[in-house]
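K.L.:
First, the structure itself, so that you have it in front of you.
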Amino acid sequence: MKIKFLTINILHGGTFWDNLVSFVHQQKPDIVFLQEVYNGHDQSLEKRFRTVDEFKKEFTFLSHAKFEPSLFDTNMGNIEWGNAVFSKFPISSSKALFFDIPLKPSPLVENEDPRQTPESMTCVEIDILGKILYGFNIHGIWDTHGNDTVRRFEMLTVVKGAIHGKSPAILAGDFNLSPITKFVDEIEKELTSVFGNSLSSTFNMMHKTKPGYATAVVDMVFVSYDIKVLSKEMPNVDVSDHMPLVAILEI
């Protein structure tokens, strides 16, 4: 079966909401991995603070959803913030795996050190016509650089433990590190990189001022060897400070 897969870090729940919604409608994906998702329910708040509820209403073709929080944003009344998976197909299970800092209240503000932000990987099982697809939606540990670190090796241990032996499987999201790392080398012993070295940056430079972002690849997609990649694309759209990654996969 062919499926269209999309992953994107949507920036604070969907800062560029209208552009994001239009893009997802245009793409009509079958499975979506989102990072930086809010799960608020107060109707007086901007839609981006109610990402999960609003996506459910907006995208009826993605009739199944799972959200797993990484933290409670204390600046927004402890609204849950984390990763979400939306799917055309039923999601039979979902859980979050944390890398080192556990789920906790945490302020999401520019002057706070994001290295202290809890990050996690959402693990789902998606039932595609009776066949289970294992999905791993990751938002990796942030640092001031993309190199290997002790904490990122701890993250690697968690990720490898989760993906080992799982097939068919998709591991994707914002890894917050460079593909030229021991971390990615180890992942590629288990899975295939969909984009390989074809991307020069996965950031939208319309919303970045530091020049290093222009050569930084942090968003990646990996699949198990039994999944065939029919096409792949990084659409040039202004929907976040990250660029979306889209792939047509045969499972």
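Ligands are numbered from 1 in the order shown, chains are lettered A, B, ... in the order of the structure tokens, and residues start at 1 in each chain.
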Looking only at the backbone, which of the residues in range 45-213 of chain A does DSSP tag as alpha helix (DSSP H), as a CSV table (one decimal) with N, CA and C atoms, in the first residue's frame?
P.N.:
chain,number,residue,atom,x,y,z
A,51,THR,N,-3.8,23.1,19.3
A,51,THR,CA,-3.4,22.4,18.0
A,51,THR,C,-4.2,21.1,17.8
A,52,VAL,N,-4.2,20.3,18.8
A,52,VAL,CA,-4.8,19.0,18.6
A,52,VAL,C,-6.3,19.1,18.3
A,53,ASP,N,-7.0,19.9,19.1
A,53,ASP,CA,-8.5,20.0,18.9
A,53,ASP,C,-8.7,20.6,17.5
A,54,GLU,N,-8.0,21.6,17.1
A,54,GLU,CA,-8.2,22.3,15.9
A,54,GLU,C,-7.8,21.5,14.7
A,55,PHE,N,-6.8,20.7,14.8
A,55,PHE,CA,-6.4,19.7,13.7
A,55,PHE,C,-7.5,18.7,13.5
A,56,LYS,N,-8.1,18.2,14.6
A,56,LYS,CA,-9.2,17.2,14.5
A,56,LYS,C,-10.4,17.8,13.8
A,57,LYS,N,-10.7,19.1,14.1
A,57,LYS,CA,-11.8,19.7,13.4
A,57,LYS,C,-11.5,20.0,11.9
A,58,GLU,N,-10.3,20.4,11.7
A,58,GLU,CA,-9.9,20.9,10.3
A,58,GLU,C,-9.7,19.8,9.3
A,150,VAL,N,27.1,13.6,25.4
A,150,VAL,CA,26.8,12.5,26.4
A,150,VAL,C,25.3,12.4,26.4
A,151,ARG,N,24.6,13.5,26.5
A,151,ARG,CA,23.1,13.4,26.6
A,151,ARG,C,22.5,12.9,25.3
A,152,ARG,N,23.1,13.2,24.2
A,152,ARG,CA,22.5,12.7,22.9
A,152,ARG,C,22.8,11.2,22.8
A,153,PHE,N,23.9,10.7,23.4
A,153,PHE,CA,24.1,9.3,23.4
A,153,PHE,C,23.1,8.6,24.3
A,154,GLU,N,22.7,9.3,25.4
A,154,GLU,CA,21.7,8.7,26.2
A,154,GLU,C,20.4,8.6,25.4
A,155,MET,N,20.1,9.7,24.6
A,155,MET,CA,18.9,9.7,23.7
A,155,MET,C,19.0,8.5,22.7
A,156,LEU,N,20.2,8.3,22.2
A,156,LEU,CA,20.4,7.2,21.2
A,156,LEU,C,20.0,5.9,21.8
A,157,THR,N,20.4,5.7,23.1
A,157,THR,CA,20.1,4.4,23.7
A,157,THR,C,18.6,4.2,23.8
A,158,VAL,N,17.9,5.3,24.1
A,158,VAL,CA,16.4,5.2,24.2
A,158,VAL,C,15.8,4.9,22.8
A,159,VAL,N,16.3,5.6,21.8
A,159,VAL,CA,15.7,5.4,20.5
A,159,VAL,C,16.0,4.1,19.9
A,160,LYS,N,17.3,3.6,20.0
A,160,LYS,CA,17.7,2.3,19.5
A,160,LYS,C,16.9,1.2,20.2
A,161,GLY,N,16.7,1.3,21.5
A,161,GLY,CA,16.0,0.3,22.2
A,161,GLY,C,14.5,0.2,21.7
A,162,ALA,N,14.0,1.4,21.3
A,162,ALA,CA,12.6,1.4,20.9
A,162,ALA,C,12.4,0.8,19.5
A,163,ILE,N,13.3,1.2,18.6
A,163,ILE,CA,13.1,0.8,17.2
A,163,ILE,C,13.7,-0.6,16.8
A,182,LYS,N,27.7,10.3,15.1
A,182,LYS,CA,27.7,8.9,15.5
A,182,LYS,C,26.3,8.5,15.8
A,183,PHE,N,25.5,9.4,16.3
A,183,PHE,CA,24.0,9.1,16.6
A,183,PHE,C,23.4,8.6,15.3
A,184,VAL,N,23.5,9.4,14.2
A,184,VAL,CA,22.8,9.0,13.0
A,184,VAL,C,23.5,7.7,12.4
A,185,ASP,N,24.8,7.6,12.5
A,185,ASP,CA,25.4,6.4,12.0
A,185,ASP,C,24.8,5.1,12.7
A,186,GLU,N,24.6,5.3,14.0
A,186,GLU,CA,24.0,4.1,14.7
A,186,GLU,C,22.6,3.8,14.3
A,187,ILE,N,21.8,4.9,14.1
A,187,ILE,CA,20.4,4.7,13.6
A,187,ILE,C,20.4,4.0,12.3
K.L.:
Which neighbours of Gly212 in chain A fall inside 10 Å, counting only C-alpha atoms, when residues of the same chain fewer than 4 positions from it are skipped, and could you give them as a PyMOL selection string?
P.N.:
chain A and resi 145+201+208+216
K.L.:
Kindly export the residues of the current selection with N, CA and C atoms, as a PDB file, in the first residue's frame.
P.N.:
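Just written: again_9.pdb:
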ATOM      1  N   HIS A 145      24.790  23.318  19.405  1.00  0.00           N
ATOM      2  CA  HIS A 145      25.455  22.754  18.230  1.00  0.00           C
ATOM      3  C   HIS A 145      24.789  21.428  17.887  1.00  0.00           C
ATOM      4  N   SER A 201      19.751  22.259   4.349  1.00  0.00           N
ATOM      5  CA  SER A 201      19.191  22.807   5.586  1.00  0.00           C
ATOM      6  C   SER A 201      17.728  22.414   5.661  1.00  0.00           C
ATOM      7  N   LYS A 208      14.878  32.851  10.515  1.00  0.00           N
ATOM      8  CA  LYS A 208      16.125  32.631  11.244  1.00  0.00           C
ATOM      9  C   LYS A 208      17.120  33.733  10.885  1.00  0.00           C
ATOM     10  N   ALA A 216      22.138  23.847   8.389  1.00  0.00           N
ATOM     11  CA  ALA A 216      21.812  22.905   9.470  1.00  0.00           C
ATOM     12  C   ALA A 216      20.645  22.003   9.078  1.00  0.00           C
TER      13      ALA A 216
END
K.L.:
Need the shell around range 33-36 of chain A: protein/DNA/RNA residues with any atom at most 8 Å away, counting only C-alpha atoms. Skip same-chain ones fewer than 2 positions apart. Format as a list in words?
P.N.:
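Non-adjacent residues within range: Leu6, Thr7, Ile8, Asn9, Ile10, Leu11, His12, Gly13, Ile31, Tyr38, Trp81, Gly82, Asn83, Ala84, Val85, Phe86, Asn137, Ile138, His139, Ala172, Gly173 and Asp174 of chain A.
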K.L.:
Now that the selection is made, can you save its residues with C-alpha atoms as a PDB file, in the first residue's frame?
P.N.:
ATOM      1  CA  LEU A   6       4.509  14.253   6.432  1.00  0.00           C
ATOM      2  CA  THR A   7       6.615  15.459   9.358  1.00  0.00           C
ATOM      3  CA  ILE A   8       7.112  19.021  10.565  1.00  0.00           C
ATOM      4  CA  ASN A   9       8.062  20.989  13.654  1.00  0.00           C
ATOM      5  CA  ILE A  10       5.213  23.514  13.601  1.00  0.00           C
ATOM      6  CA  LEU A  11       6.796  26.163  15.922  1.00  0.00           C
ATOM      7  CA  HIS A  12       4.947  26.851  19.167  1.00  0.00           C
ATOM      8  CA  GLY A  13       1.751  25.031  18.233  1.00  0.00           C
ATOM      9  CA  ILE A  31       0.085  10.058   8.329  1.00  0.00           C
ATOM     10  CA  TYR A  38      -0.060  22.393  22.202  1.00  0.00           C
ATOM     11  CA  TRP A  81       3.097  20.692  24.910  1.00  0.00           C
ATOM     12  CA  GLY A  82       4.635  17.805  23.020  1.00  0.00           C
ATOM     13  CA  ASN A  83       4.330  15.578  19.941  1.00  0.00           C
ATOM     14  CA  ALA A  84       1.268  14.469  17.995  1.00  0.00           C
ATOM     15  CA  VAL A  85       0.502  11.857  15.358  1.00  0.00           C
ATOM     16  CA  PHE A  86      -2.483  12.217  13.029  1.00  0.00           C
ATOM     17  CA  ASN A 137       7.854  10.734  16.328  1.00  0.00           C
ATOM     18  CA  ILE A 138      10.908  12.400  17.869  1.00  0.00           C
ATOM     19  CA  HIS A 139      11.737  15.855  19.195  1.00  0.00           C
ATOM     20  CA  ALA A 172      11.024  10.872  11.959  1.00  0.00           C
ATOM     21  CA  GLY A 173      10.891  14.368  13.362  1.00  0.00           C
ATOM     22  CA  ASP A 174      13.138  17.128  14.645  1.00  0.00           C
TER      23      ASP A 174
END
K.L.:
For Val239 in chain A, work out the shell of residues within 10 Å, counting only C-alpha atoms and skipping chain neighbours fewer than 3 positions away, then give it as JSON, numbers by chain.
P.N.:
{"A": [8, 9, 10, 11, 14, 15, 16, 17, 18, 19, 20, 21, 22, 23, 24, 204, 236, 242, 243, 244]}
K.L.:
I need the chosen residues saved as a PDB file, in the first residue's frame, with C-alpha atoms.
P.N.:
ATOM      1  CA  ILE A   8       7.112  19.021  10.565  1.00  0.00           C
ATOM      2  CA  ASN A   9       8.062  20.989  13.654  1.00  0.00           C
ATOM      3  CA  ILE A  10       5.213  23.514  13.601  1.00  0.00           C
ATOM      4  CA  LEU A  11       6.796  26.163  15.922  1.00  0.00           C
ATOM      5  CA  GLY A  14       1.501  26.480  14.729  1.00  0.00           C
ATOM      6  CA  THR A  15       2.664  30.097  14.769  1.00  0.00           C
ATOM      7  CA  PHE A  16       1.888  30.506  11.057  1.00  0.00           C
ATOM      8  CA  TRP A  17      -1.482  28.833  11.459  1.00  0.00           C
ATOM      9  CA  ASP A  18      -3.287  29.745   8.247  1.00  0.00           C
ATOM     10  CA  ASN A  19      -0.301  28.833   6.077  1.00  0.00           C
ATOM     11  CA  LEU A  20       0.109  25.535   7.927  1.00  0.00           C
ATOM     12  CA  VAL A  21      -3.547  24.575   7.562  1.00  0.00           C
ATOM     13  CA  SER A  22      -3.578  25.424   3.847  1.00  0.00           C
ATOM     14  CA  PHE A  23      -0.432  23.368   3.285  1.00  0.00           C
ATOM     15  CA  VAL A  24      -1.776  20.261   5.035  1.00  0.00           C
ATOM     16  CA  ASN A 204      13.098  28.247   6.931  1.00  0.00           C
ATOM     17  CA  ASN A 236       9.516  25.248  -0.167  1.00  0.00           C
ATOM     18  CA  HIS A 242      11.343  24.451   9.992  1.00  0.00           C
ATOM     19  CA  MET A 243      10.645  23.022   6.558  1.00  0.00           C
ATOM     20  CA  PRO A 244       8.237  20.098   6.139  1.00  0.00           C
TER      21      PRO A 244
END
K.L.:
Tell me, as a short mmCIF file (atom, residue, chain, number, x, y, z; two decimals) with C-alpha atoms, in the first residue's frame, which residues lie within 8 Å of range 67-79 of chain A, counting only C-alpha atoms; anything in the same chain fewer than 5 positions away does not count.
P.N.:
data_model
loop_
_atom_site.label_atom_id
_atom_site.label_comp_id
_atom_site.auth_asym_id
_atom_site.auth_seq_id
_atom_site.Cartn_x
_atom_site.Cartn_y
_atom_site.Cartn_z
CA TYR A 38 -0.06 22.39 22.20
CA ASN A 39 -3.02 20.52 23.66
CA GLY A 40 -5.05 23.32 25.26
CA PHE A 49 -2.55 26.71 21.68
CA VAL A 52 -4.83 18.95 18.65
CA ALA A 84 1.27 14.47 17.99
CA VAL A 85 0.50 11.86 15.36
CA SER A 94 0.63 5.32 21.95
CA LYS A 95 3.25 6.13 24.58
CA ALA A 96 6.00 8.66 25.25
CA PHE A 98 11.68 10.51 27.62
CA PRO A 102 11.08 13.66 32.67
CA LEU A 103 7.66 15.21 32.07
CA LYS A 104 7.36 18.33 34.23
CA PRO A 105 6.10 21.92 34.33
CA SER A 106 8.52 24.09 32.35
CA PRO A 107 8.39 27.64 30.94
CA LEU A 108 8.69 27.96 27.17
CA VAL A 109 10.21 31.44 26.79
CA THR A 117 13.36 21.48 28.27
CA PRO A 118 12.03 17.90 28.56
CA GLU A 119 12.02 16.20 25.17
CA SER A 120 10.58 12.87 24.14
CA THR A 122 6.07 9.42 20.79
#
K.L.:
Quick check for you: according to DSSP on this backbone, which residues of range 62-220 of chain A are classed as strand (DSSP E)? Reply as a PyMOL selection string.
P.N.:
chain A and resi 64-73+79-87+91-98+104-106+120-128+131-139+169-174+192-193+219-220
K.L.:
Can those selected residues be exported to a file as a PDB file, in the first residue's frame so that it contains C-alpha atoms?
P.N.:
ATOM      1  CA  HIS A  64      -7.253   9.266  14.253  1.00  0.00           C
ATOM      2  CA  ALA A  65      -4.916  11.177  16.557  1.00  0.00           C
ATOM      3  CA  LYS A  66      -2.610  10.606  19.502  1.00  0.00           C
ATOM      4  CA  PHE A  67      -0.855  13.296  21.525  1.00  0.00           C
ATOM      5  CA  GLU A  68       1.837  12.741  24.132  1.00  0.00           C
ATOM      6  CA  PRO A  69       3.008  15.670  26.301  1.00  0.00           C
ATOM      7  CA  SER A  70       6.663  16.463  26.944  1.00  0.00           C
ATOM      8  CA  LEU A  71       5.966  19.272  29.420  1.00  0.00           C
ATOM      9  CA  PHE A  72       3.357  21.591  30.894  1.00  0.00           C
ATOM     10  CA  ASP A  73       3.995  25.155  29.713  1.00  0.00           C
ATOM     11  CA  ILE A  79      -1.003  23.685  28.859  1.00  0.00           C
ATOM     12  CA  GLU A  80       0.410  20.390  27.611  1.00  0.00           C
ATOM     13  CA  TRP A  81       3.097  20.692  24.910  1.00  0.00           C
ATOM     14  CA  GLY A  82       4.635  17.805  23.020  1.00  0.00           C
ATOM     15  CA  ASN A  83       4.330  15.578  19.941  1.00  0.00           C
ATOM     16  CA  ALA A  84       1.268  14.469  17.995  1.00  0.00           C
ATOM     17  CA  VAL A  85       0.502  11.857  15.358  1.00  0.00           C
ATOM     18  CA  PHE A  86      -2.483  12.217  13.029  1.00  0.00           C
ATOM     19  CA  SER A  87      -3.494   9.345  10.801  1.00  0.00           C
ATOM     20  CA  ILE A  91      -3.775   4.146  16.008  1.00  0.00           C
ATOM     21  CA  SER A  92      -3.947   1.157  18.322  1.00  0.00           C
ATOM     22  CA  SER A  93      -1.418   2.297  20.929  1.00  0.00           C
ATOM     23  CA  SER A  94       0.634   5.317  21.952  1.00  0.00           C
ATOM     24  CA  LYS A  95       3.245   6.128  24.580  1.00  0.00           C
ATOM     25  CA  ALA A  96       5.999   8.660  25.248  1.00  0.00           C
ATOM     26  CA  LEU A  97       9.627   7.794  25.911  1.00  0.00           C
ATOM     27  CA  PHE A  98      11.684  10.512  27.619  1.00  0.00           C
ATOM     28  CA  LYS A 104       7.359  18.329  34.228  1.00  0.00           C
ATOM     29  CA  PRO A 105       6.098  21.925  34.329  1.00  0.00           C
ATOM     30  CA  SER A 106       8.518  24.089  32.354  1.00  0.00           C
ATOM     31  CA  SER A 120      10.576  12.869  24.139  1.00  0.00           C
ATOM     32  CA  MET A 121       9.664  10.426  21.399  1.00  0.00           C
ATOM     33  CA  THR A 122       6.069   9.420  20.794  1.00  0.00           C
ATOM     34  CA  CYS A 123       5.753   5.742  19.879  1.00  0.00           C
ATOM     35  CA  VAL A 124       2.606   4.601  18.090  1.00  0.00           C
ATOM     36  CA  GLU A 125       1.250   1.501  16.439  1.00  0.00           C
ATOM     37  CA  ILE A 126      -0.848   2.260  13.362  1.00  0.00           C
ATOM     38  CA  ASP A 127      -3.185  -0.412  12.000  1.00  0.00           C
ATOM     39  CA  ILE A 128      -3.056  -0.285   8.203  1.00  0.00           C
ATOM     40  CA  LYS A 131      -0.853  -4.702   9.384  1.00  0.00           C
ATOM     41  CA  ILE A 132       0.902  -2.782  12.156  1.00  0.00           C
ATOM     42  CA  LEU A 133       3.138   0.143  11.205  1.00  0.00           C
ATOM     43  CA  TYR A 134       5.418   1.258  14.032  1.00  0.00           C
ATOM     44  CA  GLY A 135       5.807   5.030  14.199  1.00  0.00           C
ATOM     45  CA  PHE A 136       8.376   6.961  16.238  1.00  0.00           C
ATOM     46  CA  ASN A 137       7.854  10.734  16.328  1.00  0.00           C
ATOM     47  CA  ILE A 138      10.908  12.400  17.869  1.00  0.00           C
ATOM     48  CA  HIS A 139      11.737  15.855  19.195  1.00  0.00           C
ATOM     49  CA  ALA A 169       8.710   1.294  10.959  1.00  0.00           C
ATOM     50  CA  ILE A 170       9.094   5.051  10.492  1.00  0.00           C
ATOM     51  CA  LEU A 171      11.339   7.167  12.719  1.00  0.00           C
ATOM     52  CA  ALA A 172      11.024  10.872  11.959  1.00  0.00           C
ATOM     53  CA  GLY A 173      10.891  14.368  13.362  1.00  0.00           C
ATOM     54  CA  ASP A 174      13.138  17.128  14.645  1.00  0.00           C
ATOM     55  CA  THR A 192      17.403   3.671   6.078  1.00  0.00           C
ATOM     56  CA  SER A 193      17.624   7.459   5.783  1.00  0.00           C
ATOM     57  CA  ASP A 219      14.719  17.175  10.546  1.00  0.00           C
ATOM     58  CA  MET A 220      15.038  13.635   9.224  1.00  0.00           C
TER      59      MET A 220
END
K.L.:
Would you mind telling me which residue in A:Ile141, A:Leu129, A:Val194, A:Leu249 lies nearest to Gln116 in chain A when using only C-alpha atoms?
P.N.:
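Closest to Gln116 in chain A, using only C-alpha atoms: A:Ile141.
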K.L.:
To one decimal in Å, tell me the separation between CA of Phe5 in chain A and CA of Leu245 in chain A.
P.N.:
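Between these atoms lies a distance of 8.2 Å.
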